[in-house]
Structures are given as structure tokens and as C-alpha cells.
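Written out below as C-alpha cells is the structure these notes cover.
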Amino acid sequence: MLKNNRNSFYQKPILTGTSILLFLLLVVNQYTSSEQSKPFVSHPSQLDDDSFAEWIVPEENEGVFYFRKSFELNEVPEKFIIHVSGDARYKLFVNGTRVCWGPAVGDLENWNYETLDIASHLVEGKNIIASQVWNWGRLNGTRQLTERTAFILQGDSPVEQSVNTNSTWKVFKDPGYHVLEMTDEIAGGGYIAGGTDSLVAAKHPWDWFTLEFDDSEWPFAREIGKGNHIGLDTWKGTAWKLKPREIPFMEEKPERIPDVLEVKGIPFNENEYEKLHFEIPPNTRVEILLDNRVLTMGYPQLLVSGGRDSRFKIQYQEALFGEDGDKGNRDHWENKIMKGIYDIFIPDGGDRLFEPLWIRVFRYVKLSIETQDYPLIINDFYNIYTAYPLRENAEFISGDSDLDRIWEVSWRTARLCALESYWDCPYYEQVQYIGDTRIQALISMYVDGDDRLARNAINQFYASMQPMGLTKSAHPTRGVQIIPPFSLLFIGMIHDYYMLRDDPEFVGQFMPGIRFVLEWFINRIDDTGMLGPLPYWNHIDGGTDFVYGSPPGISDGGSAHMSLLLAYALEKAAGMLEVFGYEHDAERFIELAGSLKTKTMELSYCPEKQLVAETPAKQQFSQHTNIFAVLTDAFEAKEHARVMQDVLEDQSLIQTTLYFKFYLFQALKKAGMGEKVIDLMDEWKQFIDYGFTTFPEHGIYSRSDCHAWSAHPLLAFLNIICGIETSSPGFKTVEIRPHPGTYSEIKGAVPHPLGMISVYYSNTEPGKREWVIQLPDGLDGKFILDDKVYLLSEGENRFTL
């Protein structure tokens, strides 16, 4: 029986006509009704004693490996709980059905395991558990840490423990798989997301995960030590400190690639295209260019029959390139070339399904096929969309179609930058950076209400803290890159969570680390009262006139921006530290923040420009530094509007890019100029005019067409235009301070832990403004308009002004 398993079709793919439809219906059913969308969370007692399972390994370290264990059941149990993990990645099958994949990415000190109940997949009599485990070593993506190729599975009860990993498990290395090294030149830009796949079908054991497969010639796996976690004595353990996965399994659903743009080498009538089906004669070269119309990611599925020894090159890219190397309008494809990462597949003449080991990101796909002595049939090619299961629970309606499109494209951008962790970009890097992630976490909580990936990110950044007192700039990652400003923004990220979630136990654990980070900076305040020279890469905003994104004054000291950013972090930390019993530190940090602001204004304020310069030399000025002068109240409140107007109008200032416009928007809100945010959406509108379906890293000529930080208009619409903001820790009260600008009607809604907060504004009758604000039960707050304050209570609040 083919049940909830796309991999079952490796052996007998359904090929034509009605059977293809049935195949797709089976796949749709799998990804819409899977019980594994909500993993079991368990802390079995076995984790604390010597009966815990063994990590098992093959003799070699790099490659694709298969582990198998058969066992007998007298009857099907009501539940069968197992805990499973692998290094570097694994997919788990039970009786031919794929039941999960992982582990959720972490580091060796925080190595995730998945917990699930496999009882529904078991049968009376003989059963088989099998796992595909792969590790490309140095060619793993930068996000993927590894100790060595290994696998572990632990059962709960004595019956379930009969499948514990040990030397009775079989293991086999797949001779058909090889890794392909992808370079920057191949990818079309700086690339660190990992090697891709080459699969020779004739060497691959296609039915390795089924009960019927004969593994009698396979060697036994080797034990290397018990599973370990923080609660075990270290002498008992192995390199991986196991911890339960704290995020849900990913969303997976099939999606059809809608457009065949061009076919070379064989006849093709585009009017007859319903599914991707081609018959290719022997000794023929064919190129097929596909357009998904929007950027997507997931596991592409190639179904073929025949064509022994043919060669497929499956190439993926966000956009096509012109001869000058520029992408131009992303909708235009004529007279452009395909650059991009690729997989290689060589069929063996059977009915086969090729799927890459890791997700691929693409709008455009190019299939290059060369047949040999046998005809080949391409039965289908489609994608299994895969992403963190964020849901669009918030809404924003303005009646402006441009803003509607910006919302749509921003949300797609946010979704494609979230999998088992947040990513800066899904195609080129797939790395969780603090600067990007602070924005992404806010988007998740404002639009979905889900805070699990945000908590996961905070934990991971905290785990990356170095002995000298700073976090890594990004984590999990191989190597250690230090961006000191990101450690300060990490404090801002914790504060965001503190304000939006009533979770003192979670937040309180980070107070020692916050103090540790701040002391590193405090020790570098020199006798001028500003920050002195700073080591490492002090990146503030790339793609600007800052050198490598770092503002002036970093190497020699006296950076106004860094001094104000430190004041910003000190003030946010102080509010939390006081609540969690660090009153002395809170008082000291407030005093230091005030001193930093005072000294920065004394030394770097330029009376002629009435703005803060980058350094006391007063030779350069930026939007960035004056934004933080407003956000920290270094300028008096009465000056905020004037300063922000200068920031918007003075083109001699170093300008912010898409990323830093998040802070520009927040400063405009603080200055009471939130309506200006709408005027600044022209840059995002231009991207849509250029065919972008996600928002890029910097601009039209960006390397990355999808970059997480550029999705922050979602926050601006909800937090600034609709004005929905937490006004006390834990979101226990709300403040509604809207900036509707010239719009006559606006509606917005944001999920709150107690329910939905909605704001409706109507100005359809001259001289009459109506506001309807709905709060969930148990929540109250304030409505502020034209500097007047109105109290809000749970339920409906209606104002006609």
C-alpha cells in the first residue's frame, strides 16, 4: 500500500493519464493531512541512564548512507514512541513510508532530536525502520555543523527500545551519490549554501527503505558511544548534546510549475501543456526552460521512465542574467542566460523519481537533457514547497493596490527566509544572522503570532556567545564571525520578545549574558566618553558609502553611531534587568547611556547642519546615526520631527539601504511622522515593477533577490500605519497610535496571545473620522490620536472624531 510517502514512487512511479492525477492526489493528501505536523514533545527517563541508545556510524564519513533495522510485533501497539537524530541530516522511513526528516539545525552543544509516534505505520509481524543519512563534510552548507556521519534512535518503553540503535543495525554507503561543489561563479554570486547532488541511478539501491529489500550483504553499523545530553555525566557521552526539538515540522505541499518558456531540441506545442510530459528520442540534446512565476523553495520532483545512461542537469536560479551580468527585469527571460546551482541525474532505464537531498530555491529552472541509445520519457516535474509553517493571521487593507502587492511580496519574502531557523536569504547563504533575524522574529509574532522560531533563534544566538563577551554574528554556522553591533541588536531582539510575550522564565535566563555583552563595550569607552577603537567587523549597513558597511570612527575610536547604539542597548537592557533583580546594573546602565548620549552630542553635533556627524571630526554625516540619535532621545523630543525631516531631505547624508529603513521607519514613528512611511514605499513598488516576487538584499542589482530584512513593510503597515504596539512588558496592555496619512479607509489586525487586535479607520464623510478598535477579552490600553489619549477596554471601542 502506498501511504503518505512520496519516496515510495522511487520504484514504481505512476506514469500517465489518470494515474498521474491519482499520484498528485496522493501527494496532496500526504502534505495536507500528515499527523507529523505536531511532533510529540517528550523527555523520556531513559535519557538519564545507561540504557540510552548508541550512536552508530558507517566506516566512512562523507556520502549518503542507509541504516536499517527489522523487528517483529505480535500485535500493532496503540503507540510506539521513538526519538531520533542524525549527523548531518537524516530522513526516517517506517515500512516504506517517510515519517520525518531532520534534525532541526543546531550546534553540537544543542543537537536536536525529533520525537514521534510511529504506531500508525506499523503492522503485525515483520517491520522495518530505515534511515537515509548524509554528510558532505566541508561541502555542507555553512549553516550545517557536524561532528561525523552518525545516527541514533531511542525507544520509550522496553518494547520500543527493541529498535534502539546498536550494532544489530545494518548500514550501506550509496555508491550512486556524489557531491557537486558549487562556486560563486556557478551560483551567480557569493554562495555558501552547500554542495548539490549527482546521482547515478544504476548504482543506487532504489528500494532500500522497503520491507522486501534484501540487506543480508550489508555490513553491521559500528557503535561509538551512548547518546549524551547536559544531564548525563560527560564521561558517558558523545559529541552531540541532545535536546528535544522545540519547533514544529515544516509545511510541505505540492505545487505545479506553471510555465514552459522554451524548449530546444524537440517539438513542443505550448498550447497542449497541462503537465510537464516529454518524449525524447535517443541521441538527442534537449533544453527546457521553466518559470514558476514567483520565487519558491522546496524539493523538486523529477519523474522519468527509460532513457538509460541519459544525463539530466537540473539548474535553479532566482532570475536570469543578461550578457552584462545584470538581471534587469526579473520577468524578462529572452536573450538571457541561466546561471545557478544544479543537480545531475543519470537514469538507469527504470521508472524513477529524482529528488535532491536538500531544498532548492528557484523561480526559473532549466532542464538540460542528453539521451544516449535509449528513448527517455519525462513524466512530470513539480515542486514540494517546504517552509516553516507560518500562517498569515494578520491582515492589512488600505484600498491601495500597490500596498496590497507590497504586503503579498513581503510575506512571501518572510516565508522563504524561514525553515528550521531564520535565514538571511534562501538561495545564496541560508544563514541566521542577528541583524536580519530581529526583524524576522517581529514579523513572525506580528503576522502569525507564532513565537517558537523566535525563541529558537534567541536560544541559538545565546549559545554562540564567545568567551570574550560577544555573540557570533550568525548561528548556527561553521567558524566564528564577530559583528559587535549585532551583539547589541541581540539585546534589542530579547527586549522585543520581552515586550511581546509574558514569558519571564525564558527572558530572565539571558540577563547574565546581556550584562556580559554590555561590559565588553563599556570597557571600550575611552576618556572622551565615547566608544574608542573597536576590533572585528563593525557592520552597520552594507551597500552604503560606509566602508564594508562599517561607519567612520571604528578603527580610531569616536564613532557616534556605535556610541549611540550602545546607549540604545543599555537602555533596553536596563528595563529588563530591573525587573529581574539587577537593580544596581540597571541604574548604572541608564547612567552610562545618558553619559554616552551627552558626550556624543557635545563632540559630534554640528550646529551648522543641526545634525550629528559620524565622528567628532564632523566630516561625514549619515541617516543612520541621526536615526539612532532620535531613537535614543539624544535629541530632545521637540527636535525629533525637524531632525527626521532633515534625514529625509538631505541627500548629502549617507543613505540607508532596505535593511536599515526598518530603523528609519521606527524613528519616523517616534517623531510622530509615521505617515511618511507610505511615501517611502516607492522603492518597494519599483521592485514589483521590475518583476520581483520577493524583495532583495539591497536594490535592483542585488546578488540576492530574496532577503529577509526587506520584508519589514509588513511591520510598518501594522505597527506604524495601524499603530498597533505593545505598551507594557508581556503585551499586557496595548497602545494604538495610528498614522493613516491620506487614506480614507484602513483596516488592520494583529494576533495577540489573548486573541485578535483589530483597528478600522474610515474617513469617507467630510470632517468625520470614525475609528473602531476591537480588543480581545482581558486586554486594555490606550488610543492616541492628535496628542489626545482615549482609554480602551476589551471588546469593541468606537470613536467618532
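Starting from 1 in every chain, residues are counted up; chains themselves are A, B, ... following the order of the C-alpha cells, and ligands are numbered from 1 as listed.
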
Filtered DSSP result for stretch 73-161 of chain A, state strand (DSSP E or B), as a PDB file with N, CA and C atoms, in the first residue's frame:
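That gives us states.pdb:
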ATOM      1  N   LEU A  73       6.532  -7.726  15.587  1.00  0.00           N
ATOM      2  CA  LEU A  73       5.498  -7.329  16.532  1.00  0.00           C
ATOM      3  C   LEU A  73       4.388  -8.376  16.516  1.00  0.00           C
ATOM      4  N   ILE A  81       6.531   5.176  20.615  1.00  0.00           N
ATOM      5  CA  ILE A  81       7.244   6.455  20.667  1.00  0.00           C
ATOM      6  C   ILE A  81       8.735   6.227  20.453  1.00  0.00           C
ATOM      7  N   ILE A  82       9.305   6.995  19.527  1.00  0.00           N
ATOM      8  CA  ILE A  82      10.745   6.949  19.302  1.00  0.00           C
ATOM      9  C   ILE A  82      11.294   8.369  19.261  1.00  0.00           C
ATOM     10  N   HIS A  83      12.593   8.461  19.521  1.00  0.00           N
ATOM     11  CA  HIS A  83      13.327   9.724  19.468  1.00  0.00           C
ATOM     12  C   HIS A  83      14.496   9.497  18.528  1.00  0.00           C
ATOM     13  N   VAL A  84      14.715  10.419  17.596  1.00  0.00           N
ATOM     14  CA  VAL A  84      15.665  10.127  16.524  1.00  0.00           C
ATOM     15  C   VAL A  84      16.458  11.364  16.159  1.00  0.00           C
ATOM     16  N   SER A  85      17.722  11.151  15.797  1.00  0.00           N
ATOM     17  CA  SER A  85      18.561  12.244  15.318  1.00  0.00           C
ATOM     18  C   SER A  85      19.663  11.673  14.443  1.00  0.00           C
ATOM     19  N   GLY A  86      20.338  12.550  13.739  1.00  0.00           N
ATOM     20  CA  GLY A  86      21.428  12.128  12.866  1.00  0.00           C
ATOM     21  C   GLY A  86      22.376  13.273  12.612  1.00  0.00           C
ATOM     22  N   ASP A  87      23.503  12.960  12.059  1.00  0.00           N
ATOM     23  CA  ASP A  87      24.520  13.939  11.681  1.00  0.00           C
ATOM     24  C   ASP A  87      25.010  13.541  10.289  1.00  0.00           C
ATOM     25  N   ARG A  89      22.374  15.153   8.246  1.00  0.00           N
ATOM     26  CA  ARG A  89      20.928  15.186   8.014  1.00  0.00           C
ATOM     27  C   ARG A  89      20.415  13.756   7.872  1.00  0.00           C
ATOM     28  N   TYR A  90      19.128  13.567   8.177  1.00  0.00           N
ATOM     29  CA  TYR A  90      18.542  12.243   8.007  1.00  0.00           C
ATOM     30  C   TYR A  90      17.102  12.365   7.523  1.00  0.00           C
ATOM     31  N   LYS A  91      16.619  11.284   6.901  1.00  0.00           N
ATOM     32  CA  LYS A  91      15.201  11.061   6.641  1.00  0.00           C
ATOM     33  C   LYS A  91      14.865   9.687   7.187  1.00  0.00           C
ATOM     34  N   LEU A  92      13.737   9.593   7.875  1.00  0.00           N
ATOM     35  CA  LEU A  92      13.354   8.351   8.544  1.00  0.00           C
ATOM     36  C   LEU A  92      12.143   7.732   7.851  1.00  0.00           C
ATOM     37  N   PHE A  93      12.226   6.418   7.610  1.00  0.00           N
ATOM     38  CA  PHE A  93      11.155   5.662   6.957  1.00  0.00           C
ATOM     39  C   PHE A  93      10.733   4.502   7.850  1.00  0.00           C
ATOM     40  N   VAL A  94       9.431   4.242   7.865  1.00  0.00           N
ATOM     41  CA  VAL A  94       8.896   3.081   8.581  1.00  0.00           C
ATOM     42  C   VAL A  94       8.039   2.296   7.595  1.00  0.00           C
ATOM     43  N   THR A  97       7.367   4.125   4.394  1.00  0.00           N
ATOM     44  CA  THR A  97       6.750   5.440   4.489  1.00  0.00           C
ATOM     45  C   THR A  97       7.715   6.429   5.140  1.00  0.00           C
ATOM     46  N   ARG A  98       7.936   7.542   4.499  1.00  0.00           N
ATOM     47  CA  ARG A  98       8.759   8.569   5.127  1.00  0.00           C
ATOM     48  C   ARG A  98       7.947   9.241   6.223  1.00  0.00           C
ATOM     49  N   VAL A  99       8.478   9.245   7.471  1.00  0.00           N
ATOM     50  CA  VAL A  99       7.715   9.768   8.599  1.00  0.00           C
ATOM     51  C   VAL A  99       8.264  11.089   9.137  1.00  0.00           C
ATOM     52  N   CYS A 100       9.528  11.400   8.904  1.00  0.00           N
ATOM     53  CA  CYS A 100      10.049  12.697   9.319  1.00  0.00           C
ATOM     54  C   CYS A 100      11.426  12.909   8.721  1.00  0.00           C
ATOM     55  N   TRP A 101      11.900  14.150   8.828  1.00  0.00           N
ATOM     56  CA  TRP A 101      13.283  14.449   8.450  1.00  0.00           C
ATOM     57  C   TRP A 101      13.841  15.491   9.394  1.00  0.00           C
ATOM     58  N   GLY A 102      15.157  15.488   9.515  1.00  0.00           N
ATOM     59  CA  GLY A 102      15.803  16.385  10.468  1.00  0.00           C
ATOM     60  C   GLY A 102      17.302  16.151  10.474  1.00  0.00           C
ATOM     61  N   ASP A 107      23.652  23.280  17.078  1.00  0.00           N
ATOM     62  CA  ASP A 107      25.094  23.107  17.201  1.00  0.00           C
ATOM     63  C   ASP A 107      25.363  21.885  18.072  1.00  0.00           C
ATOM     64  N   ASN A 110      23.911  21.771  21.393  1.00  0.00           N
ATOM     65  CA  ASN A 110      22.442  21.830  21.376  1.00  0.00           C
ATOM     66  C   ASN A 110      21.964  21.096  20.127  1.00  0.00           C
ATOM     67  N   TRP A 111      22.097  19.781  20.150  1.00  0.00           N
ATOM     68  CA  TRP A 111      21.811  18.968  18.969  1.00  0.00           C
ATOM     69  C   TRP A 111      20.394  18.408  19.095  1.00  0.00           C
ATOM     70  N   ASN A 112      19.537  18.768  18.172  1.00  0.00           N
ATOM     71  CA  ASN A 112      18.114  18.432  18.283  1.00  0.00           C
ATOM     72  C   ASN A 112      17.836  16.971  17.948  1.00  0.00           C
ATOM     73  N   TYR A 113      16.855  16.415  18.635  1.00  0.00           N
ATOM     74  CA  TYR A 113      16.273  15.146  18.221  1.00  0.00           C
ATOM     75  C   TYR A 113      14.767  15.337  18.047  1.00  0.00           C
ATOM     76  N   GLU A 114      14.197  14.539  17.149  1.00  0.00           N
ATOM     77  CA  GLU A 114      12.762  14.572  16.888  1.00  0.00           C
ATOM     78  C   GLU A 114      12.081  13.421  17.629  1.00  0.00           C
ATOM     79  N   THR A 115      10.878  13.667  18.126  1.00  0.00           N
ATOM     80  CA  THR A 115      10.087  12.662  18.835  1.00  0.00           C
ATOM     81  C   THR A 115       8.786  12.448  18.089  1.00  0.00           C
ATOM     82  N   LEU A 116       8.432  11.200  17.838  1.00  0.00           N
ATOM     83  CA  LEU A 116       7.191  10.925  17.113  1.00  0.00           C
ATOM     84  C   LEU A 116       6.660   9.544  17.462  1.00  0.00           C
ATOM     85  N   ASP A 117       5.388   9.379  17.182  1.00  0.00           N
ATOM     86  CA  ASP A 117       4.691   8.117  17.394  1.00  0.00           C
ATOM     87  C   ASP A 117       4.522   7.457  16.030  1.00  0.00           C
ATOM     88  N   GLY A 125       3.613  -8.598  12.723  1.00  0.00           N
ATOM     89  CA  GLY A 125       4.645  -9.375  12.053  1.00  0.00           C
ATOM     90  C   GLY A 125       5.909  -8.555  11.858  1.00  0.00           C
ATOM     91  N   LYS A 126       6.540  -8.731  10.698  1.00  0.00           N
ATOM     92  CA  LYS A 126       7.829  -8.098  10.452  1.00  0.00           C
ATOM     93  C   LYS A 126       7.657  -6.638  10.043  1.00  0.00           C
ATOM     94  N   ASN A 127       8.518  -5.776  10.598  1.00  0.00           N
ATOM     95  CA  ASN A 127       8.534  -4.346  10.291  1.00  0.00           C
ATOM     96  C   ASN A 127       9.965  -3.914  10.000  1.00  0.00           C
ATOM     97  N   ILE A 128      10.090  -2.775   9.349  1.00  0.00           N
ATOM     98  CA  ILE A 128      11.412  -2.244   9.048  1.00  0.00           C
ATOM     99  C   ILE A 128      11.463  -0.747   9.333  1.00  0.00           C
ATOM    100  N   ILE A 129      12.482  -0.323  10.047  1.00  0.00           N
ATOM    101  CA  ILE A 129      12.792   1.097  10.195  1.00  0.00           C
ATOM    102  C   ILE A 129      14.076   1.352   9.412  1.00  0.00           C
ATOM    103  N   ALA A 130      14.061   2.387   8.586  1.00  0.00           N
ATOM    104  CA  ALA A 130      15.228   2.686   7.759  1.00  0.00           C
ATOM    105  C   ALA A 130      15.458   4.182   7.741  1.00  0.00           C
ATOM    106  N   SER A 131      16.714   4.561   7.622  1.00  0.00           N
ATOM    107  CA  SER A 131      17.045   5.982   7.614  1.00  0.00           C
ATOM    108  C   SER A 131      18.113   6.275   6.572  1.00  0.00           C
ATOM    109  N   GLN A 132      17.884   7.322   5.832  1.00  0.00           N
ATOM    110  CA  GLN A 132      18.897   7.866   4.921  1.00  0.00           C
ATOM    111  C   GLN A 132      19.639   8.973   5.675  1.00  0.00           C
ATOM    112  N   VAL A 133      20.934   8.865   5.761  1.00  0.00           N
ATOM    113  CA  VAL A 133      21.760   9.846   6.474  1.00  0.00           C
ATOM    114  C   VAL A 133      22.847  10.310   5.517  1.00  0.00           C
ATOM    115  N   TRP A 134      23.032  11.613   5.413  1.00  0.00           N
ATOM    116  CA  TRP A 134      24.087  12.090   4.521  1.00  0.00           C
ATOM    117  C   TRP A 134      24.877  13.218   5.157  1.00  0.00           C
ATOM    118  N   ASN A 135      26.101  13.341   4.667  1.00  0.00           N
ATOM    119  CA  ASN A 135      27.030  14.321   5.202  1.00  0.00           C
ATOM    120  C   ASN A 135      28.061  14.607   4.121  1.00  0.00           C
ATOM    121  N   ALA A 150      26.582  10.043  11.537  1.00  0.00           N
ATOM    122  CA  ALA A 150      26.126   9.160  12.616  1.00  0.00           C
ATOM    123  C   ALA A 150      24.608   9.202  12.680  1.00  0.00           C
ATOM    124  N   PHE A 151      24.049   8.207  13.393  1.00  0.00           N
ATOM    125  CA  PHE A 151      22.596   8.084  13.511  1.00  0.00           C
ATOM    126  C   PHE A 151      22.269   7.511  14.876  1.00  0.00           C
ATOM    127  N   ILE A 152      21.154   7.976  15.449  1.00  0.00           N
ATOM    128  CA  ILE A 152      20.708   7.445  16.740  1.00  0.00           C
ATOM    129  C   ILE A 152      19.186   7.404  16.772  1.00  0.00           C
ATOM    130  N   LEU A 153      18.643   6.331  17.363  1.00  0.00           N
ATOM    131  CA  LEU A 153      17.202   6.182  17.538  1.00  0.00           C
ATOM    132  C   LEU A 153      16.972   5.489  18.869  1.00  0.00           C
ATOM    133  N   GLN A 154      16.067   6.034  19.656  1.00  0.00           N
ATOM    134  CA  GLN A 154      15.786   5.529  21.008  1.00  0.00           C
ATOM    135  C   GLN A 154      14.289   5.320  21.189  1.00  0.00           C
ATOM    136  N   GLY A 155      13.889   4.171  21.690  1.00  0.00           N
ATOM    137  CA  GLY A 155      12.503   3.920  22.015  1.00  0.00           C
ATOM    138  C   GLY A 155      12.192   4.266  23.465  1.00  0.00           C
TER     139      GLY A 155
END

*Can you pull out every residue within 10 Å of A:Asp650, counting only C-alpha atoms, but drop anything in the same chain fewer than 4 positions away, and send it as number ranges by chain?*
A: 609, 621-623, 644-646, 654-655

*Of the residues A:Trp709, A:Tyr374, A:Phe213, A:Tyr66, which is the one nearest to A:Tyr433, using only C-alpha atoms?*
A:Trp709

Among stretch 115-205 of chain A, which residues does DSSP mark as helix (DSSP H, G or I) when it is run on the backbone? Keep the chain and numbering as in the structure and answer as a PDB file with N, CA, C and O atoms, in the first residue's frame.
ATOM      1  N   ALA A 119       3.242   4.351  15.535  1.00  0.00           N
ATOM      2  CA  ALA A 119       2.347   3.193  15.639  1.00  0.00           C
ATOM      3  C   ALA A 119       1.471   3.031  14.399  1.00  0.00           C
ATOM      4  O   ALA A 119       1.205   1.905  13.960  1.00  0.00           O
ATOM      5  N   SER A 120       1.012   4.140  13.818  1.00  0.00           N
ATOM      6  CA  SER A 120       0.099   4.055  12.665  1.00  0.00           C
ATOM      7  C   SER A 120       0.774   3.474  11.428  1.00  0.00           C
ATOM      8  O   SER A 120       0.095   3.097  10.469  1.00  0.00           O
ATOM      9  N   HIS A 121       2.090   3.395  11.438  1.00  0.00           N
ATOM     10  CA  HIS A 121       2.826   2.876  10.284  1.00  0.00           C
ATOM     11  C   HIS A 121       3.278   1.428  10.482  1.00  0.00           C
ATOM     12  O   HIS A 121       3.902   0.854   9.590  1.00  0.00           O
ATOM     13  N   GLY A 137      30.543  16.798   4.506  1.00  0.00           N
ATOM     14  CA  GLY A 137      31.770  17.320   5.090  1.00  0.00           C
ATOM     15  C   GLY A 137      31.946  18.809   4.846  1.00  0.00           C
ATOM     16  O   GLY A 137      31.062  19.610   5.135  1.00  0.00           O
ATOM     17  N   ARG A 138      33.085  19.209   4.281  1.00  0.00           N
ATOM     18  CA  ARG A 138      33.364  20.630   4.060  1.00  0.00           C
ATOM     19  C   ARG A 138      32.407  21.240   3.056  1.00  0.00           C
ATOM     20  O   ARG A 138      32.283  22.469   2.978  1.00  0.00           O
ATOM     21  N   LEU A 139      31.705  20.414   2.271  1.00  0.00           N
ATOM     22  CA  LEU A 139      30.761  20.940   1.296  1.00  0.00           C
ATOM     23  C   LEU A 139      29.331  20.984   1.822  1.00  0.00           C
ATOM     24  O   LEU A 139      28.397  21.264   1.074  1.00  0.00           O
ATOM     25  N   GLU A 160       9.521  -0.653  22.812  1.00  0.00           N
ATOM     26  CA  GLU A 160      10.012   0.331  21.844  1.00  0.00           C
ATOM     27  C   GLU A 160      11.534   0.348  21.786  1.00  0.00           C
ATOM     28  O   GLU A 160      12.136   0.628  20.741  1.00  0.00           O
ATOM     29  N   GLN A 161      12.188   0.010  22.922  1.00  0.00           N
ATOM     30  CA  GLN A 161      13.644   0.016  22.961  1.00  0.00           C
ATOM     31  C   GLN A 161      14.245  -1.140  22.162  1.00  0.00           C
ATOM     32  O   GLN A 161      15.458  -1.166  21.928  1.00  0.00           O
ATOM     33  N   SER A 162      13.414  -2.054  21.702  1.00  0.00           N
ATOM     34  CA  SER A 162      13.925  -3.143  20.862  1.00  0.00           C
ATOM     35  C   SER A 162      14.477  -2.624  19.542  1.00  0.00           C
ATOM     36  O   SER A 162      15.234  -3.340  18.864  1.00  0.00           O
ATOM     37  N   VAL A 163      14.126  -1.393  19.182  1.00  0.00           N
ATOM     38  CA  VAL A 163      14.638  -0.820  17.927  1.00  0.00           C
ATOM     39  C   VAL A 163      15.759   0.173  18.182  1.00  0.00           C
ATOM     40  O   VAL A 163      16.208   0.846  17.258  1.00  0.00           O
ATOM     41  N   ASP A 184      30.962  30.475  -6.444  1.00  0.00           N
ATOM     42  CA  ASP A 184      30.282  31.762  -6.617  1.00  0.00           C
ATOM     43  C   ASP A 184      29.946  31.996  -8.086  1.00  0.00           C
ATOM     44  O   ASP A 184      28.877  32.511  -8.418  1.00  0.00           O
ATOM     45  N   GLU A 185      30.868  31.633  -8.971  1.00  0.00           N
ATOM     46  CA  GLU A 185      30.656  31.853 -10.403  1.00  0.00           C
ATOM     47  C   GLU A 185      29.483  31.032 -10.914  1.00  0.00           C
ATOM     48  O   GLU A 185      28.658  31.507 -11.691  1.00  0.00           O
ATOM     49  N   ILE A 186      29.408  29.775 -10.484  1.00  0.00           N
ATOM     50  CA  ILE A 186      28.287  28.927 -10.907  1.00  0.00           C
ATOM     51  C   ILE A 186      26.974  29.483 -10.380  1.00  0.00           C
ATOM     52  O   ILE A 186      25.973  29.579 -11.113  1.00  0.00           O
ATOM     53  N   ALA A 187      26.954  29.865  -9.115  1.00  0.00           N
ATOM     54  CA  ALA A 187      25.709  30.296  -8.473  1.00  0.00           C
ATOM     55  C   ALA A 187      25.250  31.664  -8.942  1.00  0.00           C
ATOM     56  O   ALA A 187      24.069  31.992  -8.836  1.00  0.00           O
ATOM     57  N   ALA A 201      21.737   6.469 -11.314  1.00  0.00           N
ATOM     58  CA  ALA A 201      20.644   5.586 -10.899  1.00  0.00           C
ATOM     59  C   ALA A 201      21.036   4.120 -10.902  1.00  0.00           C
ATOM     60  O   ALA A 201      20.564   3.339 -10.061  1.00  0.00           O
ATOM     61  N   ALA A 202      21.925   3.706 -11.820  1.00  0.00           N
ATOM     62  CA  ALA A 202      22.284   2.299 -11.920  1.00  0.00           C
ATOM     63  C   ALA A 202      23.032   1.803 -10.695  1.00  0.00           C
ATOM     64  O   ALA A 202      23.078   0.594 -10.429  1.00  0.00           O
ATOM     65  N   LYS A 203      23.617   2.705  -9.925  1.00  0.00           N
ATOM     66  CA  LYS A 203      24.371   2.320  -8.733  1.00  0.00           C
ATOM     67  C   LYS A 203      23.573   2.498  -7.440  1.00  0.00           C
ATOM     68  O   LYS A 203      24.066   2.173  -6.362  1.00  0.00           O
TER      69      LYS A 203
END

*Select, from A:Met530, A:Leu564, A:Met681, A:Leu648, the residue with the minimum atom-to-atom distance to A:His712, counting only C-alpha atoms.*
A:Met681

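In this comparison, which uses only C-alpha atoms, the residue of A:Trp218, A:Trp537, A:Phe381, A:Trp333 approaching A:Leu261 most closely is A:Trp333.
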
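Proximity to A:Gln509 was assessed for A:Gly542, A:Gly449, A:Gly581, A:Gly435 counting only C-alpha atoms; the smallest distance is recorded for A:Gly581.
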
*Skip A:Pro58 itself and residues of its chain fewer than 5 positions away, then list as number ranges by chain all residues within 8 Å of it, counting only C-alpha atoms.*
A: 65, 149-150, 171-173, 221-222

Hey, what's within 7 Å of A:His698 if we count only C-alpha atoms and toss same-chain stuff fewer than 5 positions away? As an mmCIF file with C-alpha atoms, in the first residue's frame, please?
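What ended up in out-v6.cif:
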data_model
loop_
_atom_site.group_PDB
_atom_site.id
_atom_site.type_symbol
_atom_site.label_atom_id
_atom_site.label_comp_id
_atom_site.auth_asym_id
_atom_site.auth_seq_id
_atom_site.Cartn_x
_atom_site.Cartn_y
_atom_site.Cartn_z
ATOM 1 C CA GLY A 543 25.532 48.590 0.251
ATOM 2 C CA THR A 657 19.502 50.695 2.430
ATOM 3 C CA LEU A 658 16.458 48.428 2.638
#

*Proximity to A:Pro616 - best of A:Gly529, A:Phe687, A:Val547, A:Arg412, only C-alpha atoms*: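 Smallest separation from A:Pro616 among the options: A:Gly529.
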
*Out of A:Tyr364, A:Trp55, A:Tyr446, A:Tyr428, which residue has the shortest atom-to-atom distance to A:Ala193 when counting only C-alpha atoms?*
A:Tyr428

*Compile the contact shell of A:Asp541 as a list in words: residues with an atom at most 8 Å away, counting only C-alpha atoms, same-chain residues fewer than 6 positions apart removed.*
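With the cut-off at 8 Å, the set is Gly549, Ser550, Thr656, Thr657, Tyr659 and Phe660 of chain A.
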
Take the residues from that selection and put them in a file with C-alpha atoms, as a short mmCIF file (atom, residue, chain, number, x, y, z; two decimals), in the first residue's frame.
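Result went into part17.cif, see below:
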data_model
loop_
_atom_site.label_atom_id
_atom_site.label_comp_id
_atom_site.auth_asym_id
_atom_site.auth_seq_id
_atom_site.Cartn_x
_atom_site.Cartn_y
_atom_site.Cartn_z
CA GLY A 549 29.25 48.52 5.93
CA SER A 550 31.21 49.96 8.91
CA THR A 656 20.09 53.86 4.43
CA THR A 657 19.50 50.70 2.43
CA TYR A 659 17.67 46.81 5.86
CA PHE A 660 18.24 49.97 7.83
#

*Which polymer residues have any atom within 7 Å of an atom of A:Lys366, counting only C-alpha atoms, with same-chain residues fewer than 4 positions away left out, as a count of residues only?*
7

*One decimal, Å: what's the distance from atom CA of A:Thr296 over to atom CA of A:Ile384, could you say?*
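Answer for the atom CA of A:Thr296 to atom CA of A:Ile384 separation: 9.7 Å.
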